[in-house]
Structure formats: structure tokens, C-alpha cells
$ cat model.txt   # compact mmCIF, C-alpha atoms
# COMPACT_ATOMS: atom_id res chain seq x y z
CA MET A 1 84.83 110.84 149.99
CA ASN A 2 86.74 113.12 147.59
CA PHE A 3 84.92 116.46 147.57
CA ALA A 4 85.47 117.19 143.85
CA TYR A 5 84.32 113.70 142.90
CA PHE A 6 81.22 114.00 145.12
CA VAL A 7 80.14 117.30 143.50
CA ALA A 8 80.92 116.00 139.99
CA ASN A 9 78.82 112.92 140.68
CA ARG A 10 75.87 115.08 141.81
CA ILE A 11 75.89 117.38 138.78
CA THR A 12 76.49 114.50 136.37
CA PHE A 13 73.83 112.03 137.48
CA LYS A 14 71.31 114.13 139.42
CA SER A 15 71.21 117.32 137.43
CA LYS A 16 67.78 118.58 136.36
CA ARG A 17 69.05 121.14 133.87
CA THR A 18 67.77 120.15 130.45
CA PHE A 19 70.01 122.39 128.33
CA SER A 20 73.31 121.13 129.72
CA LYS A 21 72.01 117.55 129.47
CA LEU A 22 71.40 118.08 125.77
CA ILE A 23 74.90 119.47 125.25
CA VAL A 24 76.43 116.58 127.19
CA ARG A 25 74.56 114.06 125.07
CA ILE A 26 75.71 115.76 121.88
CA ALA A 27 79.32 115.63 123.12
CA ILE A 28 79.00 111.94 124.00
CA VAL A 29 77.53 111.13 120.58
CA GLY A 30 80.36 113.10 118.97
CA ILE A 31 82.99 111.03 120.77
CA MET A 32 81.08 107.83 120.00
CA LEU A 33 80.94 108.57 116.27
CA GLY A 34 84.53 109.81 116.20
CA LEU A 35 85.96 106.72 117.87
CA GLY A 36 83.68 104.39 115.90
CA VAL A 37 84.82 105.91 112.60
CA MET A 38 88.48 105.69 113.69
CA ILE A 39 88.12 102.02 114.62
CA LEU A 40 86.43 101.23 111.29
CA SER A 41 88.99 103.26 109.31
CA VAL A 42 91.96 101.44 110.82
CA ALA A 43 90.25 98.03 110.54
CA ILE A 44 89.31 98.61 106.90
CA VAL A 45 92.80 99.77 105.93
CA ARG A 46 94.33 96.78 107.72
CA GLY A 47 91.83 94.53 105.95
CA PHE A 48 92.61 96.00 102.54
CA LYS A 49 96.35 95.65 102.98
CA GLN A 50 96.05 92.12 104.34
CA GLU A 51 93.71 90.87 101.59
CA ILE A 52 95.68 92.40 98.70
CA ARG A 53 99.03 91.36 100.12
CA GLU A 54 97.89 87.78 100.67
CA LYS A 55 96.55 87.56 97.13
CA ILE A 56 99.85 88.70 95.64
CA ARG A 57 101.81 86.47 98.00
CA GLY A 58 99.63 83.50 97.14
CA PHE A 59 100.17 83.93 93.43
CA ALA A 60 103.80 85.07 93.16
CA GLY A 61 105.33 84.04 96.47
CA ASP A 62 107.24 86.42 98.73
CA ILE A 63 110.62 86.20 96.99
CA GLN A 64 111.52 85.14 93.46
CA VAL A 65 114.97 83.93 92.49
CA VAL A 66 115.91 84.25 88.81
CA LYS A 67 119.06 84.39 86.71
CA PHE A 68 121.00 87.63 87.11
CA ASP A 69 121.07 89.07 83.58
CA LEU A 70 119.56 91.87 81.49
CA ASN A 71 116.48 89.87 80.54
CA ASN A 72 113.37 91.97 81.31
CA SER A 73 110.91 89.91 79.27
CA TYR A 74 108.20 87.57 80.54
CA GLU A 75 110.31 84.58 79.46
CA ASN A 76 112.81 83.46 82.07
CA SER A 77 116.44 82.78 81.30
CA PRO A 78 117.14 79.18 82.39
CA PHE A 79 119.68 78.11 84.99
CA LYS A 80 120.66 74.77 86.46
CA ALA A 81 118.53 73.76 89.44
CA ASP A 82 120.58 73.90 92.63
CA SER A 83 119.37 71.28 95.13
CA ASN A 84 121.93 72.46 97.68
CA PHE A 85 120.48 76.00 97.62
CA VAL A 86 116.93 74.64 98.01
CA LYS A 87 117.98 72.43 100.93
CA ILE A 88 119.74 75.25 102.79
CA ALA A 89 116.87 77.69 102.14
CA GLN A 90 114.21 75.30 103.41
CA HIS A 91 116.17 74.76 106.63
CA ASN A 92 115.93 78.49 107.37
CA GLN A 93 113.17 79.16 109.93
CA LEU A 94 112.01 82.24 108.01
CA ILE A 95 111.28 80.23 104.84
CA SER A 96 108.35 77.83 104.49
CA LYS A 97 108.59 76.65 100.88
CA VAL A 98 110.85 76.83 97.79
CA MET A 99 109.21 75.94 94.46
CA PRO A 100 110.63 75.99 90.91
CA PHE A 101 108.72 77.77 88.14
CA ALA A 102 109.09 79.10 84.62
CA THR A 103 107.17 81.59 82.48
CA LYS A 104 106.61 81.90 78.75
CA PRO A 105 104.42 84.31 76.78
CA GLY A 106 101.86 82.94 74.38
CA ILE A 107 98.65 83.66 72.50
CA ILE A 108 95.42 81.77 73.20
CA LYS A 109 93.00 81.20 70.33
CA ALA A 110 89.45 80.10 71.11
CA ASN A 111 85.97 80.80 69.73
CA SER A 112 87.42 83.02 66.98
CA GLU A 113 89.03 85.20 69.66
CA ILE A 114 92.68 85.65 70.62
CA GLU A 115 94.26 86.78 73.86
CA GLY A 116 97.90 87.39 74.79
CA VAL A 117 98.86 85.71 78.08
CA VAL A 118 101.86 84.47 80.03
CA LEU A 119 102.01 80.78 80.83
CA LYS A 120 103.36 80.21 84.33
CA GLY A 121 104.69 76.67 84.60
CA VAL A 122 104.82 74.83 87.93
CA ASP A 123 105.62 71.27 89.00
CA LYS A 124 104.04 68.66 91.25
CA ASN A 125 105.54 70.23 94.38
CA TYR A 126 103.68 73.51 93.89
CA ASP A 127 101.59 74.82 96.80
CA TRP A 128 98.00 74.96 95.48
CA SER A 129 96.39 76.36 98.64
CA PHE A 130 96.00 79.84 97.15
CA PHE A 131 94.42 78.64 93.90
CA LYS A 132 92.08 76.23 95.66
CA LYS A 133 90.84 79.17 97.68
CA ASN A 134 90.38 81.40 94.59
CA LEU A 135 89.01 78.87 92.11
CA VAL A 136 85.74 79.96 90.54
CA ALA A 137 85.20 76.66 88.75
CA GLY A 138 87.01 73.39 88.08
CA LYS A 139 90.12 72.03 89.81
CA VAL A 140 93.86 72.61 90.03
CA LEU A 141 96.33 70.73 87.83
CA ASP A 142 96.62 66.98 88.37
CA PHE A 143 100.22 65.72 88.08
CA THR A 144 99.31 62.07 88.63
CA ASP A 145 99.68 61.48 84.89
CA SER A 146 102.58 63.59 83.60
CA ALA A 147 101.42 63.32 79.99
CA GLU A 148 97.92 64.54 80.84
CA ALA A 149 99.28 67.30 83.07
CA LYS A 150 101.00 68.89 80.04
CA LYS A 151 97.58 69.31 78.40
CA GLN A 152 95.90 71.00 81.38
CA ILE A 153 95.69 74.72 82.01
CA ILE A 154 94.12 77.05 84.54
CA ILE A 155 92.92 80.43 83.28
CA SER A 156 91.53 83.52 84.99
CA GLN A 157 87.86 84.47 85.06
CA LEU A 158 88.81 87.61 83.10
CA THR A 159 90.40 85.57 80.31
CA ALA A 160 87.54 83.06 80.36
CA ASN A 161 84.99 85.86 79.89
CA ARG A 162 86.92 87.45 77.04
CA LEU A 163 87.35 84.16 75.20
CA LYS A 164 83.95 82.76 76.21
CA LEU A 165 85.48 79.68 77.84
CA LYS A 166 84.38 77.30 80.57
CA VAL A 167 85.88 74.32 82.35
CA GLY A 168 86.46 71.41 79.97
CA ASP A 169 86.78 73.55 76.83
CA LYS A 170 89.66 72.93 74.43
CA ILE A 171 91.92 75.75 73.33
CA LEU A 172 95.06 76.30 71.26
CA MET A 173 98.01 78.31 72.55
CA TYR A 174 100.63 79.66 70.15
CA PHE A 175 104.18 80.31 71.28
CA VAL A 176 106.04 82.83 69.17
CA GLN A 177 109.47 81.35 68.54
CA GLU A 178 111.43 79.86 65.68
CA PRO A 179 109.73 77.75 64.50
CA LEU A 180 106.25 78.80 65.70
CA ARG A 181 104.87 76.27 68.17
CA ARG A 182 101.27 75.56 69.08
CA ARG A 183 99.90 73.33 71.76
CA PRO A 184 96.35 72.16 72.58
CA PHE A 185 95.08 72.55 76.15
CA ILE A 186 91.99 71.65 78.15
CA VAL A 187 90.70 74.22 80.64
CA ARG A 188 91.11 72.44 83.98
CA GLY A 189 90.07 75.33 86.21
CA ILE A 190 89.14 79.02 86.32
CA TYR A 191 90.48 81.32 89.04
CA SER A 192 89.89 84.91 90.08
CA THR A 193 92.19 87.02 92.27
CA SER A 194 90.46 90.34 91.40
CA ILE A 195 93.97 91.77 90.82
CA GLU A 196 93.91 92.91 87.21
CA ASP A 197 97.71 92.75 86.77
CA VAL A 198 97.51 89.02 87.53
CA ASP A 199 94.15 88.03 86.04
CA LYS A 200 94.66 89.64 82.65
CA THR A 201 98.16 88.23 82.25
CA TYR A 202 98.71 84.77 83.69
CA VAL A 203 97.53 81.23 83.01
CA ILE A 204 98.91 78.23 84.89
CA GLY A 205 100.31 75.08 83.32
CA ASP A 206 102.97 72.38 83.58
CA MET A 207 106.57 73.64 83.81
CA SER A 208 107.91 70.61 81.92
CA LEU A 209 106.00 71.81 78.85
CA ILE A 210 107.86 75.14 78.92
CA SER A 211 111.14 73.29 79.40
CA ARG A 212 110.38 71.16 76.36
CA LEU A 213 109.31 74.12 74.19
CA ASN A 214 112.51 75.99 75.05
CA ASN A 215 114.74 72.91 74.62
CA TRP A 216 116.07 73.24 78.16
CA ASN A 217 117.98 70.48 79.86
CA ALA A 218 116.00 68.31 82.28
CA ASP A 219 117.69 69.91 85.30
CA GLU A 220 117.07 73.54 84.25
CA VAL A 221 114.40 75.85 85.69
CA GLY A 222 113.25 79.42 85.10
CA GLY A 223 113.35 80.47 88.74
CA TYR A 224 112.43 79.70 92.33
CA GLU A 225 109.35 81.00 94.11
CA ILE A 226 109.93 81.31 97.85
CA LYS A 227 107.25 81.65 100.53
CA ILE A 228 108.09 82.88 104.02
CA ASN A 229 106.38 82.40 107.36
CA ASP A 230 106.14 86.06 108.44
CA PHE A 231 105.70 88.83 105.87
CA ASP A 232 106.91 91.42 108.39
CA LYS A 233 110.33 89.76 108.14
CA LEU A 234 110.46 89.97 104.32
CA THR A 235 113.64 92.06 104.23
CA GLU A 236 115.36 89.77 106.71
CA ALA A 237 114.32 86.68 104.72
CA ASN A 238 115.48 88.26 101.44
CA ASP A 239 118.88 89.03 102.99
CA ALA A 240 119.14 85.42 104.16
CA VAL A 241 118.35 84.20 100.64
CA ASP A 242 120.90 86.60 99.11
CA ASN A 243 123.60 85.22 101.41
CA ILE A 244 123.20 81.67 100.08
CA LEU A 245 122.48 82.44 96.41
CA PRO A 246 124.83 81.08 93.76
CA GLY A 247 126.76 83.82 91.98
CA LYS A 248 124.64 84.05 88.82
CA LEU A 249 121.27 84.33 90.55
CA LYS A 250 119.36 87.32 91.93
CA SER A 251 116.41 87.58 94.31
CA TYR A 252 113.45 90.00 94.09
CA THR A 253 110.73 90.54 96.68
CA ILE A 254 107.06 91.00 95.76
CA VAL A 255 107.46 94.65 96.75
CA ASP A 256 110.06 94.93 93.96
CA ASN A 257 107.88 93.06 91.46
CA TYR A 258 104.61 94.88 92.25
CA PRO A 259 105.74 98.40 93.25
CA THR A 260 102.56 100.13 92.06
CA ILE A 261 100.25 98.05 94.22
CA PHE A 262 102.42 98.40 97.33
CA ALA A 263 102.79 102.15 96.74
CA TRP A 264 98.98 102.37 96.55
CA MET A 265 98.72 100.49 99.85
CA GLY A 266 101.19 102.96 101.36
CA LEU A 267 98.88 105.82 100.42
CA LEU A 268 96.11 104.19 102.44
CA ASP A 269 98.10 104.79 105.62
CA GLY A 270 98.24 108.51 104.82
CA ASN A 271 94.49 108.65 104.25
CA THR A 272 93.88 106.88 107.54
CA SER A 273 96.05 109.39 109.40
CA VAL A 274 93.98 112.26 107.99
CA VAL A 275 90.73 110.58 109.10
CA LEU A 276 92.09 109.96 112.61
CA ILE A 277 93.22 113.57 113.01
CA LEU A 278 89.88 114.94 111.79
CA MET A 279 87.88 112.68 114.10
CA ILE A 280 90.04 113.63 117.11
CA ILE A 281 89.55 117.33 116.28
CA VAL A 282 85.76 116.85 116.07
CA ALA A 283 85.70 115.02 119.42
CA VAL A 284 87.85 117.68 121.10
CA ILE A 285 85.71 120.55 119.79
CA ASN A 286 82.57 118.83 121.06
CA MET A 287 84.12 118.30 124.48
CA ILE A 288 85.39 121.87 124.75
CA SER A 289 81.98 123.25 123.82
CA ALA A 290 80.19 121.02 126.34
CA LEU A 291 82.60 121.85 129.16
CA LEU A 292 82.45 125.61 128.57
CA ILE A 293 78.64 125.55 128.53
CA MET A 294 78.53 123.53 131.76
CA ILE A 295 80.90 125.95 133.50
CA LEU A 296 78.99 129.01 132.33
CA GLU A 297 75.69 127.40 133.29
CA ARG A 298 77.02 126.71 136.79
CA THR A 299 78.67 130.07 137.39
CA THR A 300 76.67 130.54 140.59
CA MET A 301 77.72 127.14 141.91
CA VAL A 302 81.37 128.00 141.21
CA GLY A 303 80.98 131.30 143.09
CA ILE A 304 79.37 129.61 146.11
CA LEU A 305 82.08 126.92 146.22
CA LYS A 306 84.77 129.61 146.14
CA ALA A 307 83.01 131.59 148.87
CA MET A 308 83.01 128.39 150.98
CA GLY A 309 86.79 128.10 150.56
CA ALA A 310 87.18 125.70 147.63
CA SER A 311 90.36 126.27 145.62
CA ASN A 312 90.40 126.84 141.87
CA TRP A 313 92.02 123.43 141.29
CA THR A 314 89.35 121.68 143.37
CA ILE A 315 86.60 123.27 141.27
CA GLN A 316 88.51 122.49 138.09
CA LYS A 317 88.62 118.84 139.15
CA VAL A 318 84.83 118.87 139.50
CA PHE A 319 84.47 119.67 135.82
CA LEU A 320 87.36 117.41 134.79
CA TYR A 321 85.66 114.47 136.55
CA ASN A 322 82.52 115.41 134.67
CA ALA A 323 84.45 115.49 131.39
CA PHE A 324 86.03 112.11 132.19
CA TYR A 325 82.56 110.61 132.60
CA MET A 326 81.44 111.99 129.23
CA ILE A 327 84.59 110.81 127.48
CA GLY A 328 84.40 107.37 129.10
CA LEU A 329 80.78 106.86 128.11
CA GLY A 330 81.53 108.11 124.59
CA LEU A 331 84.44 105.67 124.28
CA LEU A 332 82.31 102.76 125.50
CA LEU A 333 79.56 103.53 122.98
CA GLY A 334 82.15 104.19 120.27
CA ASN A 335 83.70 100.75 120.75
CA ILE A 336 80.28 99.10 120.61
CA PHE A 337 79.44 101.07 117.46
CA GLY A 338 82.76 100.56 115.63
CA ILE A 339 83.44 96.96 116.57
CA GLY A 340 79.78 96.02 116.10
CA LEU A 341 79.58 97.37 112.55
CA GLY A 342 82.97 95.91 111.71
CA TYR A 343 82.02 92.47 113.01
CA LEU A 344 78.77 92.58 111.03
CA GLN A 345 80.70 93.35 107.84
CA LEU A 346 83.30 90.71 108.65
CA GLN A 347 80.65 88.01 108.98
CA THR A 348 78.25 89.01 106.19
CA HIS A 349 80.32 91.00 103.62
CA LEU A 350 77.24 93.19 103.42
CA LEU A 351 78.98 96.21 101.86
CA LYS A 352 80.28 95.44 98.36
CA LEU A 353 83.00 97.00 96.19
CA ASP A 354 83.89 97.15 92.52
CA ALA A 355 86.55 94.44 92.21
CA ALA A 356 88.07 96.11 89.12
CA SER A 357 88.95 99.20 91.17
CA TYR A 358 89.64 97.78 94.64
CA TYR A 359 91.03 94.26 93.94
CA MET A 360 88.16 92.65 95.89
CA ASN A 361 84.37 92.61 95.82
CA PHE A 362 83.70 93.46 99.48
CA ILE A 363 84.99 95.80 102.18
CA PRO A 364 87.53 93.78 104.21
CA ILE A 365 87.84 94.13 107.98
CA GLN A 366 90.76 93.17 110.20
CA PHE A 367 90.72 94.05 113.89
CA ASN A 368 93.89 94.35 115.92
CA TRP A 369 93.68 94.58 119.72
CA MET A 370 96.69 96.88 119.93
CA ASP A 371 95.01 99.32 117.51
CA LEU A 372 91.88 99.36 119.68
CA ILE A 373 93.88 99.94 122.87
CA LEU A 374 95.93 102.76 121.32
CA LEU A 375 92.87 104.46 119.80
CA ASN A 376 91.00 104.40 123.11
CA ALA A 377 93.99 105.46 125.20
CA GLY A 378 94.99 108.17 122.73
CA THR A 379 91.47 109.63 122.48
CA LEU A 380 91.07 109.61 126.28
CA ALA A 381 94.47 111.21 126.90
CA ILE A 382 94.10 113.92 124.23
CA CYS A 383 90.57 114.88 125.29
CA LEU A 384 91.49 115.06 128.99
CA LEU A 385 94.62 117.13 128.33
CA VAL A 386 92.69 119.54 126.13
CA MET A 387 90.00 119.85 128.82
CA ILE A 388 92.49 121.38 131.29
CA GLY A 389 92.52 124.62 129.28
CA PRO A 390 88.74 125.31 129.25
CA SER A 391 88.45 124.22 132.91
CA MET A 392 90.71 127.14 133.86
CA LEU A 393 87.75 129.39 133.10
CA VAL A 394 86.74 128.86 136.74
CA THR A 395 89.78 130.88 137.85
CA LYS A 396 88.27 133.97 136.19
CA ILE A 397 85.01 133.71 138.13
CA THR A 398 84.87 135.86 141.29
CA PRO A 399 82.49 134.79 144.10
CA VAL A 400 80.90 138.25 144.53
CA LYS A 401 79.96 138.68 140.89
CA ALA A 402 78.87 135.07 140.50
CA ILE A 403 76.52 135.14 143.50
CA ARG A 404 75.19 138.58 142.57
CA PHE A 405 74.52 137.29 139.06
CA LYS A 406 72.05 134.79 140.52
$ encode --input "model.txt" --output "C-alpha cells"
Amino acid sequence: MNFAYFVANRITFKSKRTFSKLIVRIAIVGIMLGLGVMILSVAIVRGFKQEIREKIRGFAGDIQVVKFDLNNSYENSPFKADSNFVKIAQHNQLISKVMPFATKPGIIKANSEIEGVVLKGVDKNYDWSFFKKNLVAGKVLDFTDSAEAKKQIIISQLTANRLKLKVGDKILMYFVQEPLRRRPFIVRGIYSTSIEDVDKTYVIGDMSLISRLNNWNADEVGGYEIKINDFDKLTEANDAVDNILPGKLKSYTIVDNYPTIFAWMGLLDGNTSVVLILMIIVAVINMISALLIMILERTTMVGILKAMGASNWTIQKVFLYNAFYMIGLGLLLGNIFGIGLGYLQLQTHLLKLDAASYYMNFIPIQFNWMDLILLNAGTLAICLLVMIGPSMLVTKITPVKAIRFK
């Protein structure tokens, strides 16, 4: 049996010294809490970014294609629908769906209240999966009867609260143009994304109504909303779309359209890095303190081992094996602590948030196995490397003084 391992095993599991046991336990708890907090921090940040990104993607798509002009208003400039572009785009493996849309600002009047909104018009081919998931009440638009579809509208919970509306209520929407137009609508559904930029601005209706209000030709649209299969390949997909775009059209990604939100999500990565560094520092300090105390407490043992012919490196390995045990146990408990709490939150949404500030009403969790492996491996490697320094204290202990000290 390895001599250093044998001695380390004896002093780790069969030691009767109460003080060093207390210090070891404190060090293990420190590593447990540090790793647990790191796991939760990374999982929460991943969850935040995933939830917010999916909400924006669900509402606005990943890429929007509009006419290339100087129009910066909420009302799209029309262009002729290009079936050849749609066909080529949908054959690209990066792209899952291409859907026409149009937008037009308006003013809703209901219950003696008014609210400025933007009507986003869609057609029967629109992907309703996102809205079905985020509907608070009612249903999505029904295009079975085209005449009835023009009278239906979906509004946000924020707009419904301000105007005191519910599903089935009738409203009037005014469109400021020459001449002024007004159209009656029935509230078909109420949605909530918890993203204020979306909820306070948009209502959903039939695109053919916008086309008719603007006197567009039957084959004209305001833009195309494109959804892709893998968000990590957004730039690649946007380049592919640019390569097949007709000359008068331009594509924008959701990162371009919602820069503030994505910049905020970028800041989360910086905050996570700070937390990880602080937790590693705390774990390292705990381990250094525990190892130094164990060495000082066993000065006599070190002296006797040296007098018997043990080398400095052999004695160092005794304490490094001991440190490895503490770190390993701390990592095991840290994984149980971090993953356990995260899983509890994932299943119950026990911890709530203010949706107005955080875009959601609960703390989201998303675990990634690679994150867990890297956190464990990184913590283990850093702690063991740092332990080499304090373990060199044994080289300063002389056998004569150590034995005499006893």
C-alpha cells in the first residue's frame, strides 16, 4: 500500500483530535456552499437568458425581413411578396418557418379610456405556438372565416388592465391616416409575455385588415418573420438570408431589434463571473486555513516521519491526500445542495420575482451537464494546486525541534 495514502487515511478517518475535525468540517461546508452557489448562479443565469430569449423569439421571430428604406416608424413600407425567396429560405436547414406580417399604429378606445398600440397583422400560416403558451384568457385568432377574422384581436394583459377589458368585449381602434379610419374589434384573447416592450405596445390581428386600410395590393406584405432551428447559429442563418434577399429588402436579427434586452442579458454573464471568482476564493481560503492548522497540529508526527526517513514530498502527499478527501466530500455535498435546490425551484417555481423588473414571475433554472462538469473539475483543480503551497510548510519542520516540542 502507498505509504502516504495509508497515513492520510489514518489521520482522516481515525483521528481523535476534536479541533482539527472542527476545522475540516468548516472547510468542507465552505466548499459545499461555494460550489452549490456557483451551480445555482450559472443555472439561474442560463435560465434567465433562455426564458427571455425564447419569449422574444416567440413573439418577433429570429430574423425580420423588411423593405430597405429610411422608414423608422411602426408602420411597414409594403413590398411585393416573393414566393421564390420564401421557397428557397424554407429549404435551408437552418430555417424552420417564414411568415408574412405587417404592423400599423393605432389608438384603442374602450370604457372611456384610450391607449396607443401597434397592430401586428398575421395570416393563417402564422405559428401560434408561442401565443398558445402565453395566453392568459381566450383563444388565438380563427381564420376559418376570413370576414370574422378581421374583427378579432388579441391584446396583452397590460393593455387589458389599463382599459378594463376581458375576452369577448368590443372595442374601437382608430387609425390615424387621411381620412381617419376606425374599426370595431372583439377581444379574442389576452396574452402576457412579461416583457414590457412587447406587452405595452403590441396587439395581434389579421394582416389583410392592415393591407386594406393601407390600400395595398393583394400580393403586398409588410415583412417576413423568420424562425430558425438553432439560435446559436443566428449569425449564420442571417447571412444565409442576406445572400438570397431581393435587392430592395433588408434583414434584421432580434439582437438588432431588441439591443437593450440583449445587452442586459450580456451583463448577467459578467455578474456570474464575479460570483464564481468570489466563491472560489472563499473555498480556497477555507482549504488553506484547514491544511495549515492540520500541519501545525501534527508537527510532532511530521518530525517523527522525517526522523524515520520519510522525504518532504512523501509527507506533503500525506496532507495533499487529506486535502483531496476534504475537497471531494465538499464537491459531493455541493452538487447535492446546488442541484437539489435548483431542481426544487424548477419543479415548483417556489421563489417568485417581480415580472415588471425581471420579465418573468419566477426564478428560472436551466442545468447544463457541461457547466456542472467544468465547475467541479475547475474547483477541484484550483483547490489542489493552491494546496501545494501550504503543504510545503512541512519542509520547514526539523525533526529535532518537532520531537522536542512534544
$ residues_around --input "model.txt" --residues "Ile195 (chain A)" --least-positions-apart "3" --cutoff "10 Å" --atoms "all atoms listed in the file" --output "PyMOL selection string"
chain A and resi 52+55-56+192+198-200+261+355-360
$ write_last_selection --input "model.txt" --atoms "C-alpha atoms" --output "tab-separated table (two decimals), in the coordinates of the input"
chain	number	residue	atom	x	y	z
A	52	ILE	CA	95.68	92.40	98.70
A	55	LYS	CA	96.55	87.56	97.13
A	56	ILE	CA	99.85	88.70	95.64
A	192	SER	CA	89.89	84.91	90.08
A	198	VAL	CA	97.51	89.02	87.53
A	199	ASP	CA	94.15	88.03	86.04
A	200	LYS	CA	94.66	89.64	82.65
A	261	ILE	CA	100.25	98.05	94.22
A	355	ALA	CA	86.55	94.44	92.21
A	356	ALA	CA	88.07	96.11	89.12
A	357	SER	CA	88.95	99.20	91.17
A	358	TYR	CA	89.64	97.78	94.64
A	359	TYR	CA	91.03	94.26	93.94
A	360	MET	CA	88.16	92.65	95.89
$ atom_distance --input "model.txt" --atom1 "CA of Ile293 (chain A)" --atom2 "CA of Leu35 (chain A)"
22.8 Å
$ closest_residue --input "model.txt" --among "A:Ile153, A:Ile244, A:Ile304, A:Leu180" --to "Asn92 (chain A)" --atoms "all atoms listed in the file"
A:Ile244
$ atom_distance --input "model.txt" --atom1 "CA of Asp206 (chain A)" --atom2 "CA of Ser251 (chain A)"
23.0 Å
$ closest_residue --input "model.txt" --among "A:Ala283, A:Leu292, A:Ala81, A:Arg53" --to "Gly30 (chain A)" --atoms "only C-alpha atoms"
A:Ala283
$ closest_residue --input "model.txt" --among "A:Ile315, A:Ile336, A:Val7, A:Ala377" --to "Val394 (chain A)" --atoms "all atoms listed in the file"
A:Ile315
$ closest_residue --input "model.txt" --among "A:Thr144, A:Gln93, A:Thr379, A:Thr193" --to "Phe130 (chain A)" --atoms "all atoms listed in the file"
A:Thr193
$ closest_residue --input "model.txt" --among "A:Lys352, A:Lys248, A:Lys317, A:Lys132" --to "Ile388 (chain A)" --atoms "only C-alpha atoms"
A:Lys317
$ closest_residue --input "model.txt" --among "A:Asp232, A:Glu297, A:Glu220, A:Glu54" --to "Ser129 (chain A)" --atoms "all atoms listed in the file"
A:Glu54
$ atom_distance --input "model.txt" --atom1 "CA of Leu163 (chain A)" --atom2 "CA of Tyr202 (chain A)"
14.2 Å
$ residues_around --input "model.txt" --residues "Gly330 (chain A)" --least-positions-apart "5" --cutoff "7 Å" --atoms "only C-alpha atoms" --output "PyMOL selection string"
chain A and resi 28-29+31-32
$ residues_around --input "model.txt" --residues "Val45 (chain A)" --least-positions-apart "3" --cutoff "8 Å" --atoms "all atoms listed in the file" --output "JSON, numbers by chain"
{"A": [41, 42, 48, 49, 268, 269, 272, 365]}
$ residues_around --input "model.txt" --residues "Leu234 (chain A)" --least-positions-apart "3" --cutoff "9 Å" --atoms "all atoms listed in the file" --output "PyMOL selection string"
chain A and resi 62-63+94+228+230-231+237-239+253
$ residues_near_point --input "model.txt" --point "(106.1, 74.0, 98.5)" --cutoff "6 Å" --atoms "all atoms listed in the file" --output "PyMOL selection string"
chain A and resi 97-99+125-127
$ residues_around --input "model.txt" --residues "region 287-290 of chain A" --least-positions-apart "3" --cutoff "9 Å" --atoms "only C-alpha atoms" --output "PyMOL selection string"
chain A and resi 20+23-24+26-28+30-31+282-284+293-295+323+326-327+383+386-387+389-390
$ decode --input "model.txt" --residues "region 155-169 of chain A" --atoms "N, CA, C and O atoms" --output "PDB file, in the first residue's frame"
ATOM      1  N   ILE A 155     -55.049  41.050 -27.292  1.00  0.00           N
ATOM      2  CA  ILE A 155     -54.378  42.145 -26.596  1.00  0.00           C
ATOM      3  C   ILE A 155     -53.565  41.588 -25.424  1.00  0.00           C
ATOM      4  O   ILE A 155     -53.753  40.450 -25.017  1.00  0.00           O
ATOM      5  N   SER A 156     -52.680  42.409 -24.897  1.00  0.00           N
ATOM      6  CA  SER A 156     -51.865  41.977 -23.758  1.00  0.00           C
ATOM      7  C   SER A 156     -52.624  42.165 -22.449  1.00  0.00           C
ATOM      8  O   SER A 156     -53.579  42.947 -22.366  1.00  0.00           O
ATOM      9  N   GLN A 157     -52.191  41.464 -21.418  1.00  0.00           N
ATOM     10  CA  GLN A 157     -52.775  41.617 -20.091  1.00  0.00           C
ATOM     11  C   GLN A 157     -52.598  43.047 -19.591  1.00  0.00           C
ATOM     12  O   GLN A 157     -53.488  43.605 -18.941  1.00  0.00           O
ATOM     13  N   LEU A 158     -51.460  43.665 -19.927  1.00  0.00           N
ATOM     14  CA  LEU A 158     -51.186  45.040 -19.524  1.00  0.00           C
ATOM     15  C   LEU A 158     -52.197  45.994 -20.138  1.00  0.00           C
ATOM     16  O   LEU A 158     -52.762  46.856 -19.455  1.00  0.00           O
ATOM     17  N   THR A 159     -52.462  45.831 -21.423  1.00  0.00           N
ATOM     18  CA  THR A 159     -53.451  46.678 -22.103  1.00  0.00           C
ATOM     19  C   THR A 159     -54.857  46.398 -21.584  1.00  0.00           C
ATOM     20  O   THR A 159     -55.659  47.323 -21.389  1.00  0.00           O
ATOM     21  N   ALA A 160     -55.154  45.126 -21.352  1.00  0.00           N
ATOM     22  CA  ALA A 160     -56.477  44.760 -20.833  1.00  0.00           C
ATOM     23  C   ALA A 160     -56.726  45.394 -19.470  1.00  0.00           C
ATOM     24  O   ALA A 160     -57.829  45.886 -19.187  1.00  0.00           O
ATOM     25  N   ASN A 161     -55.716  45.412 -18.615  1.00  0.00           N
ATOM     26  CA  ASN A 161     -55.866  46.016 -17.287  1.00  0.00           C
ATOM     27  C   ASN A 161     -56.066  47.523 -17.379  1.00  0.00           C
ATOM     28  O   ASN A 161     -56.878  48.098 -16.648  1.00  0.00           O
ATOM     29  N   ARG A 162     -55.322  48.167 -18.253  1.00  0.00           N
ATOM     30  CA  ARG A 162     -55.431  49.617 -18.387  1.00  0.00           C
ATOM     31  C   ARG A 162     -56.792  50.041 -18.936  1.00  0.00           C
ATOM     32  O   ARG A 162     -57.349  51.055 -18.521  1.00  0.00           O
ATOM     33  N   LEU A 163     -57.312  49.242 -19.868  1.00  0.00           N
ATOM     34  CA  LEU A 163     -58.585  49.590 -20.500  1.00  0.00           C
ATOM     35  C   LEU A 163     -59.772  48.849 -19.893  1.00  0.00           C
ATOM     36  O   LEU A 163     -60.899  48.987 -20.365  1.00  0.00           O
ATOM     37  N   LYS A 164     -59.504  48.048 -18.854  1.00  0.00           N
ATOM     38  CA  LYS A 164     -60.549  47.307 -18.152  1.00  0.00           C
ATOM     39  C   LYS A 164     -61.326  46.396 -19.116  1.00  0.00           C
ATOM     40  O   LYS A 164     -62.557  46.414 -19.178  1.00  0.00           O
ATOM     41  N   LEU A 165     -60.569  45.590 -19.868  1.00  0.00           N
ATOM     42  CA  LEU A 165     -61.171  44.720 -20.874  1.00  0.00           C
ATOM     43  C   LEU A 165     -61.040  43.258 -20.483  1.00  0.00           C
ATOM     44  O   LEU A 165     -60.149  42.883 -19.724  1.00  0.00           O
ATOM     45  N   LYS A 166     -61.924  42.449 -21.047  1.00  0.00           N
ATOM     46  CA  LYS A 166     -61.863  40.995 -20.884  1.00  0.00           C
ATOM     47  C   LYS A 166     -62.234  40.353 -22.202  1.00  0.00           C
ATOM     48  O   LYS A 166     -62.677  41.033 -23.147  1.00  0.00           O
ATOM     49  N   VAL A 167     -62.051  39.048 -22.283  1.00  0.00           N
ATOM     50  CA  VAL A 167     -62.355  38.323 -23.518  1.00  0.00           C
ATOM     51  C   VAL A 167     -63.835  38.490 -23.863  1.00  0.00           C
ATOM     52  O   VAL A 167     -64.705  38.362 -23.003  1.00  0.00           O
ATOM     53  N   GLY A 168     -64.093  38.789 -25.144  1.00  0.00           N
ATOM     54  CA  GLY A 168     -65.467  38.974 -25.612  1.00  0.00           C
ATOM     55  C   GLY A 168     -65.901  40.428 -25.657  1.00  0.00           C
ATOM     56  O   GLY A 168     -66.936  40.740 -26.272  1.00  0.00           O
ATOM     57  N   ASP A 169     -65.155  41.333 -25.041  1.00  0.00           N
ATOM     58  CA  ASP A 169     -65.513  42.748 -25.059  1.00  0.00           C
ATOM     59  C   ASP A 169     -65.298  43.338 -26.449  1.00  0.00           C
ATOM     60  O   ASP A 169     -64.409  42.926 -27.196  1.00  0.00           O
TER      61      ASP A 169
END
